[in-house]
$ cat target.json   # JSON, C-alpha atoms and all ligand atoms
[["chain", "number", "residue", "atom", "x", "y", "z"],
["A", 1, "MET", "CA", -12.85, -10.37, 21.32],
["A", 2, "PRO", "CA", -13.40, -9.55, 17.66],
["A", 3, "ASN", "CA", -10.07, -7.91, 16.90],
["A", 4, "LEU", "CA", -8.62, -7.32, 13.46],
["A", 5, "VAL", "CA", -4.86, -7.42, 13.68],
["A", 6, "ALA", "CA", -3.68, -9.55, 10.73],
["A", 7, "MET", "CA", -5.14, -10.80, 7.46],
["A", 8, "ASN", "CA", -4.16, -14.39, 8.32],
["A", 9, "ASP", "CA", -6.77, -14.30, 11.10],
["A", 10, "LEU", "CA", -9.59, -13.93, 8.59],
["A", 11, "ASP", "CA", -11.03, -16.77, 6.52],
["A", 12, "ASN", "CA", -12.28, -16.24, 2.96],
["A", 13, "LYS", "CA", -15.91, -16.10, 4.08],
["A", 14, "THR", "CA", -15.22, -13.29, 6.57],
["A", 15, "ILE", "CA", -13.18, -11.35, 4.02],
["A", 16, "MET", "CA", -15.99, -11.58, 1.46],
["A", 17, "HIS", "CA", -18.55, -10.59, 4.12],
["A", 18, "LEU", "CA", -16.51, -7.48, 4.97],
["A", 19, "LEU", "CA", -16.29, -6.56, 1.28],
["A", 20, "GLU", "CA", -20.07, -7.01, 0.89],
["A", 21, "ARG", "CA", -20.68, -4.79, 3.93],
["A", 22, "ALA", "CA", -18.28, -2.16, 2.55],
["A", 23, "GLY", "CA", -20.36, -2.18, -0.66],
["A", 24, "GLU", "CA", -23.55, -1.70, 1.37],
["A", 25, "TYR", "CA", -22.04, 1.23, 3.26],
["A", 26, "GLN", "CA", -20.94, 2.72, -0.05],
["A", 27, "ARG", "CA", -24.55, 2.49, -1.24],
["A", 28, "GLY", "CA", -25.67, 4.48, 1.81],
["A", 29, "GLU", "CA", -26.56, 1.83, 4.41],
["A", 30, "ARG", "CA", -26.73, 3.17, 7.94],
["A", 31, "ALA", "CA", -24.52, 1.70, 10.66],
["A", 32, "PRO", "CA", -26.19, -0.66, 13.16],
["A", 33, "VAL", "CA", -23.55, -0.15, 15.88],
["A", 34, "ALA", "CA", -22.75, 2.43, 18.52],
["A", 35, "GLY", "CA", -19.78, 2.90, 20.82],
["A", 36, "THR", "CA", -16.78, 5.01, 21.74],
["A", 37, "VAL", "CA", -13.52, 4.61, 19.87],
["A", 38, "VAL", "CA", -10.02, 6.07, 20.08],
["A", 39, "ASN", "CA", -7.43, 6.27, 17.30],
["A", 40, "LEU", "CA", -3.92, 5.78, 18.68],
["A", 41, "PHE", "CA", -1.36, 6.65, 16.02],
["A", 42, "PHE", "CA", 2.25, 6.33, 17.18],
["A", 43, "GLU", "CA", 3.55, 6.53, 13.58],
["A", 44, "PRO", "CA", 2.73, 9.22, 11.04],
["A", 45, "SER", "CA", -0.42, 8.74, 8.97],
["A", 46, "THR", "CA", -2.58, 10.80, 6.66],
["A", 47, "ARG", "CA", -4.88, 8.35, 4.85],
["A", 48, "THR", "CA", -5.40, 5.61, 7.42],
["A", 49, "LYS", "CA", -6.04, 8.01, 10.32],
["A", 50, "MET", "CA", -8.28, 10.39, 8.39],
["A", 51, "SER", "CA", -10.17, 7.57, 6.76],
["A", 52, "PHE", "CA", -10.84, 5.84, 10.09],
["A", 53, "GLU", "CA", -12.04, 9.17, 11.51],
["A", 54, "MET", "CA", -14.31, 9.69, 8.52],
["A", 55, "ALA", "CA", -15.69, 6.16, 8.87],
["A", 56, "GLU", "CA", -16.27, 6.66, 12.61],
["A", 57, "HIS", "CA", -18.12, 9.95, 12.04],
["A", 58, "LYS", "CA", -20.25, 8.47, 9.26],
["A", 59, "MET", "CA", -21.24, 5.65, 11.65],
["A", 60, "GLY", "CA", -22.18, 8.08, 14.41],
["A", 61, "LEU", "CA", -19.58, 6.64, 16.80],
["A", 62, "THR", "CA", -18.18, 8.77, 19.60],
["A", 63, "VAL", "CA", -14.52, 9.49, 18.85],
["A", 64, "LEU", "CA", -12.28, 10.56, 21.75],
["A", 65, "GLN", "CA", -9.18, 12.46, 20.72],
["A", 66, "PHE", "CA", -5.83, 11.05, 21.79],
["A", 67, "ASP", "CA", -2.64, 12.84, 20.89],
["A", 68, "THR", "CA", 0.34, 10.56, 21.50],
["A", 69, "ALA", "CA", 2.63, 13.61, 21.72],
["A", 70, "PHE", "CA", 0.70, 14.99, 24.74],
["A", 71, "SER", "CA", -0.13, 11.73, 26.52],
["A", 72, "SER", "CA", 1.40, 9.87, 29.46],
["A", 73, "VAL", "CA", 3.22, 7.71, 26.90],
["A", 74, "LEU", "CA", 5.81, 10.49, 27.12],
["A", 75, "LYS", "CA", 6.12, 9.77, 30.85],
["A", 76, "GLY", "CA", 6.95, 6.17, 30.02],
["A", 77, "GLU", "CA", 3.49, 4.62, 30.29],
["A", 78, "THR", "CA", 3.31, 1.34, 28.37],
["A", 79, "LEU", "CA", 0.97, 0.67, 25.48],
["A", 80, "TYR", "CA", -0.76, -1.96, 27.62],
["A", 81, "ASP", "CA", -1.47, 0.50, 30.46],
["A", 82, "THR", "CA", -2.59, 3.14, 27.97],
["A", 83, "VAL", "CA", -5.09, 0.76, 26.38],
["A", 84, "LYS", "CA", -6.26, -0.60, 29.78],
["A", 85, "THR", "CA", -6.91, 3.01, 30.83],
["A", 86, "LEU", "CA", -9.10, 3.58, 27.79],
["A", 87, "GLU", "CA", -10.92, 0.31, 28.49],
["A", 88, "ALA", "CA", -11.50, 1.36, 32.13],
["A", 89, "ILE", "CA", -13.15, 4.62, 31.13],
["A", 90, "GLY", "CA", -15.53, 2.84, 28.78],
["A", 91, "VAL", "CA", -13.92, 2.87, 25.33],
["A", 92, "SER", "CA", -15.19, -0.03, 23.18],
["A", 93, "GLY", "CA", -12.53, -0.11, 20.47],
["A", 94, "VAL", "CA", -9.11, 1.26, 19.57],
["A", 95, "VAL", "CA", -7.41, 1.67, 16.22],
["A", 96, "ILE", "CA", -3.65, 1.46, 16.69],
["A", 97, "ARG", "CA", -0.69, 2.21, 14.44],
["A", 98, "HIS", "CA", 2.65, 1.40, 16.03],
["A", 99, "GLU", "CA", 6.24, 1.02, 14.86],
["A", 100, "GLU", "CA", 6.66, -2.22, 16.83],
["A", 101, "GLU", "CA", 5.81, -5.38, 14.95],
["A", 102, "GLU", "CA", 3.06, -7.43, 16.65],
["A", 103, "TYR", "CA", 2.56, -4.79, 19.38],
["A", 104, "TYR", "CA", -0.96, -6.24, 19.64],
["A", 105, "LYS", "CA", 0.30, -9.42, 21.31],
["A", 106, "GLU", "CA", 0.78, -7.52, 24.58],
["A", 107, "LEU", "CA", -2.88, -6.46, 24.40],
["A", 108, "GLU", "CA", -4.30, -9.97, 24.24],
["A", 109, "ASN", "CA", -5.88, -9.69, 27.71],
["A", 110, "CYS", "CA", -7.66, -6.43, 26.94],
["A", 111, "LYS", "CA", -11.40, -6.73, 26.52],
["A", 112, "LEU", "CA", -11.93, -3.87, 24.09],
["A", 113, "SER", "CA", -11.52, -4.44, 20.36],
["A", 114, "VAL", "CA", -8.17, -3.76, 18.73],
["A", 115, "ILE", "CA", -8.02, -2.83, 15.06],
["A", 116, "ASN", "CA", -4.52, -2.76, 13.62],
["A", 117, "GLY", "CA", -3.79, 0.36, 11.57],
["A", 118, "GLY", "CA", -0.28, -0.93, 10.76],
["A", 119, "ASP", "CA", 2.45, -2.52, 12.90],
["A", 120, "GLY", "CA", 6.01, -1.78, 11.74],
["A", 121, "SER", "CA", 6.83, -4.05, 8.81],
["A", 122, "GLY", "CA", 4.17, -6.51, 9.98],
["A", 123, "GLN", "CA", 0.55, -6.19, 8.88],
["A", 124, "HIS", "CA", -1.88, -3.57, 7.62],
["A", 125, "PRO", "CA", -5.19, -5.45, 7.37],
["A", 126, "THR", "CA", -7.51, -2.54, 6.56],
["A", 127, "GLN", "CA", -5.25, -1.45, 3.69],
["A", 128, "SER", "CA", -5.36, -4.99, 2.38],
["A", 129, "LEU", "CA", -9.16, -5.11, 2.64],
["A", 130, "LEU", "CA", -9.54, -1.82, 0.81],
["A", 131, "ASP", "CA", -7.20, -3.09, -1.90],
["A", 132, "LEU", "CA", -9.25, -6.29, -2.20],
["A", 133, "PHE", "CA", -12.45, -4.24, -2.33],
["A", 134, "THR", "CA", -11.02, -2.06, -5.11],
["A", 135, "ILE", "CA", -9.89, -5.11, -7.13],
["A", 136, "TYR", "CA", -13.21, -6.90, -6.56],
["A", 137, "GLN", "CA", -15.19, -3.86, -7.69],
["A", 138, "GLU", "CA", -13.07, -3.59, -10.81],
["A", 139, "PHE", "CA", -13.06, -7.21, -11.97],
["A", 140, "GLY", "CA", -16.03, -8.76, -10.12],
["A", 141, "LYS", "CA", -13.68, -11.47, -8.82],
["A", 142, "ILE", "CA", -10.25, -12.02, -7.31],
["A", 143, "GLU", "CA", -9.72, -15.68, -8.14],
["A", 144, "GLY", "CA", -7.56, -16.21, -11.21],
["A", 145, "LEU", "CA", -6.36, -12.60, -11.49],
["A", 146, "HIS", "CA", -2.67, -11.89, -11.85],
["A", 147, "ILE", "CA", -1.36, -9.28, -9.42],
["A", 148, "THR", "CA", 2.21, -7.96, -9.59],
["A", 149, "ILE", "CA", 3.46, -6.32, -6.38],
["A", 150, "VAL", "CA", 6.46, -4.08, -7.06],
["A", 151, "GLY", "CA", 8.75, -2.40, -4.53],
["A", 152, "ASP", "CA", 10.03, -2.69, -1.01],
["A", 153, "ILE", "CA", 8.50, -6.12, -0.34],
["A", 154, "ALA", "CA", 10.59, -7.03, 2.74],
["A", 155, "HIS", "CA", 9.68, -3.91, 4.73],
["A", 156, "SER", "CA", 6.13, -3.37, 3.51],
["A", 157, "ARG", "CA", 3.22, -4.36, 5.74],
["A", 158, "VAL", "CA", 0.97, -3.72, 2.74],
["A", 159, "ALA", "CA", 2.82, -6.34, 0.67],
["A", 160, "LYS", "CA", 2.67, -8.89, 3.48],
["A", 161, "SER", "CA", -1.03, -8.41, 4.22],
["A", 162, "ASN", "CA", -1.94, -8.50, 0.54],
["A", 163, "ALA", "CA", 0.27, -11.44, -0.37],
["A", 164, "ALA", "CA", -1.45, -13.62, 2.22],
["A", 165, "ALA", "CA", -4.98, -12.51, 1.41],
["A", 166, "LEU", "CA", -4.70, -12.49, -2.38],
["A", 167, "LYS", "CA", -3.26, -16.00, -2.42],
["A", 168, "MET", "CA", -6.00, -17.24, -0.08],
["A", 169, "LEU", "CA", -8.59, -15.83, -2.45],
["A", 170, "GLY", "CA", -7.03, -17.58, -5.45],
["A", 171, "ALA", "CA", -5.09, -14.79, -7.18],
["A", 172, "HIS", "CA", -1.66, -15.37, -8.75],
["A", 173, "VAL", "CA", 0.79, -13.01, -7.06],
["A", 174, "SER", "CA", 4.23, -12.10, -8.42],
["A", 175, "PHE", "CA", 6.78, -9.98, -6.60],
["A", 176, "VAL", "CA", 9.26, -7.63, -8.26],
["A", 177, "CYS", "CA", 11.98, -5.80, -6.32],
["A", 178, "PRO", "CA", 15.71, -5.33, -5.90],
["A", 179, "GLU", "CA", 17.00, -8.62, -4.48],
["A", 180, "VAL", "CA", 17.97, -7.02, -1.14],
["A", 181, "TRP", "CA", 14.28, -6.32, -0.50],
["A", 182, "SER", "CA", 13.01, -9.84, -1.21],
["A", 183, "GLY", "CA", 12.50, -10.83, 2.43],
["A", 184, "ASP", "CA", 10.95, -14.31, 2.57],
["A", 185, "TYR", "CA", 9.46, -14.06, -0.91],
["A", 186, "GLU", "CA", 10.50, -15.44, -4.25],
["A", 187, "THR", "CA", 11.02, -12.27, -6.28],
["A", 188, "SER", "CA", 12.19, -11.16, -9.70],
["A", 189, "GLU", "CA", 14.19, -8.06, -10.62],
["A", 190, "ASN", "CA", 12.54, -7.76, -14.01],
["A", 191, "ILE", "CA", 9.25, -5.85, -14.04],
["A", 192, "ASP", "CA", 9.09, -6.10, -17.83],
["A", 193, "ASP", "CA", 8.48, -9.86, -17.61],
["A", 194, "TYR", "CA", 5.10, -9.16, -15.96],
["A", 195, "ILE", "CA", 3.85, -5.82, -17.19],
["A", 196, "GLU", "CA", 2.14, -7.09, -20.37],
["A", 197, "TYR", "CA", -0.04, -9.77, -18.82],
["A", 198, "THR", "CA", -0.72, -8.66, -15.26],
["A", 199, "ASP", "CA", -4.22, -7.49, -14.29],
["A", 200, "VAL", "CA", -3.04, -5.28, -11.42],
["A", 201, "VAL", "CA", 0.26, -3.47, -10.94],
["A", 202, "MET", "CA", 0.46, -2.76, -7.22],
["A", 203, "LEU", "CA", 3.29, -0.33, -6.47],
["A", 204, "LEU", "CA", 4.82, 0.13, -3.02],
["A", 205, "ARG", "CA", 6.67, 3.04, -1.47],
["A", 206, "VAL", "CA", 10.32, 2.54, -0.58],
["A", 207, "GLN", "CA", 10.21, 2.38, 3.26],
["A", 208, "HIS", "CA", 13.14, 4.78, 3.89],
["A", 209, "GLU", "CA", 12.30, 4.97, 7.59],
["A", 210, "ARG", "CA", 12.74, 1.21, 8.10],
["A", 211, "HIS", "CA", 16.20, 0.66, 6.57],
["A", 212, "ALA", "CA", 19.24, 2.37, 5.09],
["A", 213, "VAL", "CA", 19.31, 0.39, 1.84],
["A", 214, "SER", "CA", 17.46, 3.04, -0.14],
["A", 215, "ALA", "CA", 20.72, 4.99, -0.20],
["A", 216, "LEU", "CA", 21.99, 2.33, -2.65],
["A", 217, "PHE", "CA", 19.61, 3.48, -5.36],
["A", 218, "SER", "CA", 19.25, 6.95, -6.79],
["A", 219, "LYS", "CA", 15.60, 7.91, -7.39],
["A", 220, "ALA", "CA", 16.24, 8.01, -11.13],
["A", 221, "ASP", "CA", 17.85, 4.54, -11.16],
["A", 222, "TYR", "CA", 15.03, 3.04, -9.15],
["A", 223, "HIS", "CA", 12.46, 4.58, -11.48],
["A", 224, "LYS", "CA", 14.27, 3.28, -14.55],
["A", 225, "GLN", "CA", 14.59, -0.27, -13.29],
["A", 226, "PHE", "CA", 11.54, -0.82, -11.10],
["A", 227, "GLY", "CA", 9.25, 2.16, -11.63],
["A", 228, "LEU", "CA", 6.06, 2.34, -13.66],
["A", 229, "THR", "CA", 7.24, 4.51, -16.54],
["A", 230, "GLU", "CA", 4.98, 5.82, -19.31],
["A", 231, "GLU", "CA", 6.54, 3.30, -21.67],
["A", 232, "ARG", "CA", 5.68, 0.40, -19.38],
["A", 233, "GLU", "CA", 2.15, 1.70, -18.81],
["A", 234, "ARG", "CA", 1.56, 1.63, -22.59],
["A", 235, "LYS", "CA", 2.33, -2.11, -22.61],
["A", 236, "MET", "CA", -0.28, -2.96, -19.95],
["A", 237, "LYS", "CA", -3.44, -4.86, -20.95],
["A", 238, "PRO", "CA", -6.39, -2.55, -21.76],
["A", 239, "SER", "CA", -8.26, -3.77, -18.67],
["A", 240, "ALA", "CA", -5.29, -3.64, -16.28],
["A", 241, "ILE", "CA", -5.21, -1.18, -13.37],
["A", 242, "ILE", "CA", -2.57, 0.60, -11.29],
["A", 243, "MET", "CA", -2.69, 0.66, -7.48],
["A", 244, "HIS", "CA", -0.52, 2.22, -4.77],
["A", 245, "PRO", "CA", -1.34, 2.51, -1.04],
["A", 246, "ALA", "CA", 0.31, 5.97, -0.93],
["A", 247, "PRO", "CA", 2.08, 8.12, 0.14],
["A", 248, "ILE", "CA", 3.50, 8.21, -3.38],
["A", 249, "ASN", "CA", 6.99, 9.23, -4.37],
["A", 250, "ARG", "CA", 6.13, 10.78, -7.72],
["A", 251, "GLY", "CA", 8.78, 10.02, -10.31],
["A", 252, "VAL", "CA", 10.18, 7.13, -8.25],
["A", 253, "GLU", "CA", 7.67, 4.24, -8.00],
["A", 254, "ILE", "CA", 5.46, 5.80, -10.64],
["A", 255, "ALA", "CA", 5.81, 8.50, -13.30],
["A", 256, "ASP", "CA", 4.18, 11.73, -12.14],
["A", 257, "SER", "CA", 1.91, 11.77, -15.22],
["A", 258, "LEU", "CA", 0.48, 8.30, -14.37],
["A", 259, "VAL", "CA", -0.66, 9.01, -10.81],
["A", 260, "GLU", "CA", -4.07, 10.18, -12.06],
["A", 261, "CYS", "CA", -4.16, 8.43, -15.44],
["A", 262, "GLU", "CA", -7.23, 6.54, -16.60],
["A", 263, "ARG", "CA", -6.10, 3.19, -15.25],
["A", 264, "SER", "CA", -4.93, 4.52, -11.91],
["A", 265, "ARG", "CA", -7.16, 3.53, -8.99],
["A", 266, "ILE", "CA", -4.96, 5.26, -6.39],
["A", 267, "PHE", "CA", -7.54, 7.86, -5.27],
["A", 268, "LYS", "CA", -10.34, 5.31, -5.67],
["A", 269, "GLN", "CA", -8.49, 3.13, -3.14],
["A", 270, "MET", "CA", -8.56, 6.04, -0.67],
["A", 271, "ALA", "CA", -12.28, 6.63, -1.23],
["A", 272, "ASN", "CA", -12.99, 2.91, -0.79],
["A", 273, "GLY", "CA", -10.97, 2.87, 2.43],
["A", 274, "VAL", "CA", -13.69, 4.76, 4.29],
["A", 275, "PHE", "CA", -16.39, 2.14, 3.50],
["A", 276, "VAL", "CA", -14.08, -0.78, 4.21],
["A", 277, "ARG", "CA", -13.18, 0.73, 7.59],
["A", 278, "MET", "CA", -16.89, 1.17, 8.38],
["A", 279, "ALA", "CA", -17.32, -2.56, 7.74],
["A", 280, "VAL", "CA", -14.31, -3.36, 9.93],
["A", 281, "LEU", "CA", -15.54, -1.12, 12.77],
["A", 282, "GLU", "CA", -18.92, -2.83, 12.61],
["A", 283, "TYR", "CA", -17.22, -6.26, 12.70],
["A", 284, "ALA", "CA", -15.13, -5.26, 15.73],
["A", 285, "LEU", "CA", -17.78, -3.40, 17.71],
["A", 286, "LYS", "CA", -20.91, -5.42, 17.09],
["A", 287, "GLY", "CA", -22.39, -6.74, 20.29],
["A", 288, "ARG", "CA", -20.33, -4.56, 22.61],
["A", 289, "GLU", "CA", -22.37, -1.35, 22.70],
["A", 301, "LIG", "C1", 1.06, 2.54, 3.90],
["A", 301, "LIG", "C2", 1.50, 2.28, 5.33],
["A", 301, "LIG", "O1", 1.51, 3.17, 6.17],
["A", 301, "LIG", "O2", 1.83, 1.14, 5.56],
["A", 301, "LIG", "N1", 0.28, 3.68, 3.75],
["A", 301, "LIG", "C3", -1.03, 3.66, 4.07],
["A", 301, "LIG", "O3", -1.43, 3.23, 5.13],
["A", 301, "LIG", "N2", -1.87, 4.11, 3.13],
["A", 301, "LIG", "C4", 2.15, 2.45, 2.95],
["A", 301, "LIG", "C5", 3.39, 3.24, 3.16],
["A", 301, "LIG", "O4", 3.61, 3.88, 4.17],
["A", 301, "LIG", "O5", 4.21, 3.19, 2.24]]

$ encode --input "target.json" --output "structure tokens"
Amino acid sequence: MPNLVAMNDLDNKTIMHLLERAGEYQRGERAPVAGTVVNLFFEPSTRTKMSFEMAEHKMGLTVLQFDTAFSSVLKGETLYDTVKTLEAIGVSGVVIRHEEEEYYKELENCKLSVINGGDGSGQHPTQSLLDLFTIYQEFGKIEGLHITIVGDIAHSRVAKSNAAALKMLGAHVSFVCPEVWSGDYETSENIDDYIEYTDVVMLLRVQHERHAVSALFSKADYHKQFGLTEERERKMKPSAIIMHPAPINRGVEIADSLVECERSRIFKQMANGVFVRMAVLEYALKGRE
């Protein structure tokens, strides 16, 4: 079944195909697929959920509403039985966000398509694809670019998905964060070593909900040591861009005044997300209508 649960499952050719298709959708191409989909969000979401819904509506898909707070999940029904129920009534694909890492492994026997909208600190493939799309549109390539990912690396599914994909596509990726958030990555604590030559500064939100470590840093201290301040932004290359998956903590990861500055692509990322998700829905649903 054509699922999309992790970036590591995609080869370079498929990634580039999805980016091409996203570009075609952006230029107004009509969707060649039909089907019924359900968005199952067990964790809060504004962008990912709304952007999937927008993509689904633009494609003319039937979208059934599912509110986790009023479902039989509250009676103890498992994720597997919930998804099997949707499959039984004729749903062709589900988009799932769940706090449990690799929740999708228990759905391996389901026949409908599973698109991962974020699993705990695991993966967030559609965010990664929309980030790649944004970078590709900006520079016309990914290979050879220098990307600096700054923030809560260990707990961020965005960092993990992007680290894998960017490296596969030939980018040089550096990680900057407090040492306690390094996870499995080789990281630096000095953002100033990278700011002058990086092509992309990709900022991450501190994942307060996934650990207690954030209490160690005051917002002001974090901003001073790891944040994109106005002074740091002035040192960036003329062509360099700023990205952030959002939600943003203004004045923490990034100075308030920079959120919508000329080199910020933060709202562009959100706009691009709709077209990328159309491409992903097509990839997952094709041949099952
Ligand atoms: C991210 C997420 O949920 O992983 N947001 C998003 O999907 N745009 C990042 C975050 O929550 O910090």

$ residues_near_ligand --input "target.json" --ligand "ligand LIG 301 (chain A)" --cutoff "7 Å" --atoms "all atoms listed in the file" --output "list in words"
Ser45, Arg47, Thr48, Gly118, His124, Gln127, Ser156, Arg157, Val158, Leu204, Arg205, Val206, Gln207, Pro245, Ala246 and Pro247 of chain A

$ atom_distance --input "target.json" --atom1 "CA of Asn3 (chain A)" --atom2 "CA of Leu86 (chain A)"
15.9 Å

$ closest_residue --input "target.json" --among "A:Ser92, A:Asn249, A:Thr62, A:Ser218" --to "Val114 (chain A)" --atoms "all atoms listed in the file"
A:Ser92

$ closest_residue --input "target.json" --among "A:Ala255, A:Ile115, A:Ala284, A:Met278" --to "Leu19 (chain A)" --atoms "only C-alpha atoms"
A:Met278

$ closest_residue --input "target.json" --among "A:Lys167, A:Arg232, A:His155, A:His172" --to "Asn12 (chain A)" --atoms "all atoms listed in the file"
A:Lys167

$ atom_distance --input "target.json" --atom1 "CA of Ile254 (chain A)" --atom2 "CA of Pro125 (chain A)"
23.8 Å

$ closest_residue --input "target.json" --among "A:Glu24, A:Glu209, A:Asp192, A:Glu101" --to "Gln225 (chain A)" --atoms "all atoms listed in the file"
A:Asp192

$ atom_distance --input "target.json" --atom1 "CA of Lys58 (chain A)" --atom2 "CA of Val38 (chain A)"
15.1 Å

$ decode --input "target.json" --residues "region 197-222 of chain A" --atoms "N, CA and C atoms" --output "mmCIF file, in the first residue's frame"
data_model
loop_
_atom_site.group_PDB
_atom_site.id
_atom_site.type_symbol
_atom_site.label_atom_id
_atom_site.label_comp_id
_atom_site.auth_asym_id
_atom_site.auth_seq_id
_atom_site.Cartn_x
_atom_site.Cartn_y
_atom_site.Cartn_z
ATOM 1 N N TYR A 197 27.724 31.868 6.620
ATOM 2 C CA TYR A 197 27.860 31.163 5.340
ATOM 3 C C TYR A 197 26.729 30.201 5.016
ATOM 4 N N THR A 198 25.764 30.066 5.912
ATOM 5 C CA THR A 198 24.691 29.106 5.623
ATOM 6 C C THR A 198 23.708 29.677 4.598
ATOM 7 N N ASP A 199 23.120 28.782 3.789
ATOM 8 C CA ASP A 199 22.111 29.228 2.819
ATOM 9 C C ASP A 199 20.728 29.281 3.443
ATOM 10 N N VAL A 200 20.480 28.387 4.399
ATOM 11 C CA VAL A 200 19.163 28.317 5.041
ATOM 12 C C VAL A 200 19.356 28.218 6.556
ATOM 13 N N VAL A 201 18.698 29.096 7.290
ATOM 14 C CA VAL A 201 18.631 28.934 8.747
ATOM 15 C C VAL A 201 17.254 28.360 9.034
ATOM 16 N N MET A 202 17.232 27.100 9.501
ATOM 17 C CA MET A 202 15.946 26.456 9.782
ATOM 18 C C MET A 202 15.780 26.392 11.301
ATOM 19 N N LEU A 203 14.839 27.175 11.813
ATOM 20 C CA LEU A 203 14.641 27.268 13.262
ATOM 21 C C LEU A 203 13.568 26.287 13.700
ATOM 22 N N LEU A 204 13.718 25.760 14.902
ATOM 23 C CA LEU A 204 12.735 24.803 15.435
ATOM 24 C C LEU A 204 12.164 25.315 16.738
ATOM 25 N N ARG A 205 10.921 24.974 16.986
ATOM 26 C CA ARG A 205 10.288 25.325 18.259
ATOM 27 C C ARG A 205 10.814 24.425 19.376
ATOM 28 N N VAL A 206 10.969 24.986 20.551
ATOM 29 C CA VAL A 206 11.304 24.167 21.721
ATOM 30 C C VAL A 206 10.062 23.326 22.048
ATOM 31 N N GLN A 207 10.224 21.988 22.083
ATOM 32 C CA GLN A 207 9.075 21.070 22.239
ATOM 33 C C GLN A 207 8.719 20.891 23.728
ATOM 34 N N HIS A 208 8.207 21.965 24.337
ATOM 35 C CA HIS A 208 7.903 21.956 25.781
ATOM 36 C C HIS A 208 7.089 20.732 26.192
ATOM 37 N N GLU A 209 6.163 20.314 25.327
ATOM 38 C CA GLU A 209 5.262 19.219 25.680
ATOM 39 C C GLU A 209 5.953 17.867 25.722
ATOM 40 N N ARG A 210 7.189 17.762 25.207
ATOM 41 C CA ARG A 210 7.850 16.463 25.135
ATOM 42 C C ARG A 210 8.966 16.282 26.160
ATOM 43 N N HIS A 211 9.241 17.288 26.968
ATOM 44 C CA HIS A 211 10.296 17.158 27.984
ATOM 45 C C HIS A 211 10.188 18.302 28.983
ATOM 46 N N ALA A 212 10.995 18.211 30.047
ATOM 47 C CA ALA A 212 10.936 19.254 31.072
ATOM 48 C C ALA A 212 12.163 20.156 31.017
ATOM 49 N N VAL A 213 13.065 19.848 30.050
ATOM 50 C CA VAL A 213 14.356 20.549 30.022
ATOM 51 C C VAL A 213 14.215 22.041 29.748
ATOM 52 N N SER A 214 13.146 22.426 29.049
ATOM 53 C CA SER A 214 13.006 23.833 28.675
ATOM 54 C C SER A 214 13.009 24.740 29.896
ATOM 55 N N ALA A 215 12.684 24.158 31.062
ATOM 56 C CA ALA A 215 12.686 24.953 32.289
ATOM 57 C C ALA A 215 14.107 25.428 32.632
ATOM 58 N N LEU A 216 15.116 24.769 32.035
ATOM 59 C CA LEU A 216 16.511 25.150 32.326
ATOM 60 C C LEU A 216 16.903 26.481 31.685
ATOM 61 N N PHE A 217 16.168 26.859 30.646
ATOM 62 C CA PHE A 217 16.524 28.084 29.935
ATOM 63 C C PHE A 217 15.409 29.104 30.066
ATOM 64 N N SER A 218 15.761 30.344 30.383
ATOM 65 C CA SER A 218 14.732 31.376 30.314
ATOM 66 C C SER A 218 14.572 31.707 28.824
ATOM 67 N N LYS A 219 13.426 32.257 28.453
ATOM 68 C CA LYS A 219 13.200 32.601 27.039
ATOM 69 C C LYS A 219 14.259 33.578 26.554
ATOM 70 N N ALA A 220 14.602 34.533 27.417
ATOM 71 C CA ALA A 220 15.582 35.557 27.027
ATOM 72 C C ALA A 220 16.965 34.932 26.823
ATOM 73 N N ASP A 221 17.344 34.003 27.703
ATOM 74 C CA ASP A 221 18.659 33.352 27.571
ATOM 75 C C ASP A 221 18.731 32.521 26.302
ATOM 76 N N TYR A 222 17.651 31.793 26.039
ATOM 77 C CA TYR A 222 17.628 30.961 24.831
ATOM 78 C C TYR A 222 17.784 31.849 23.596
#
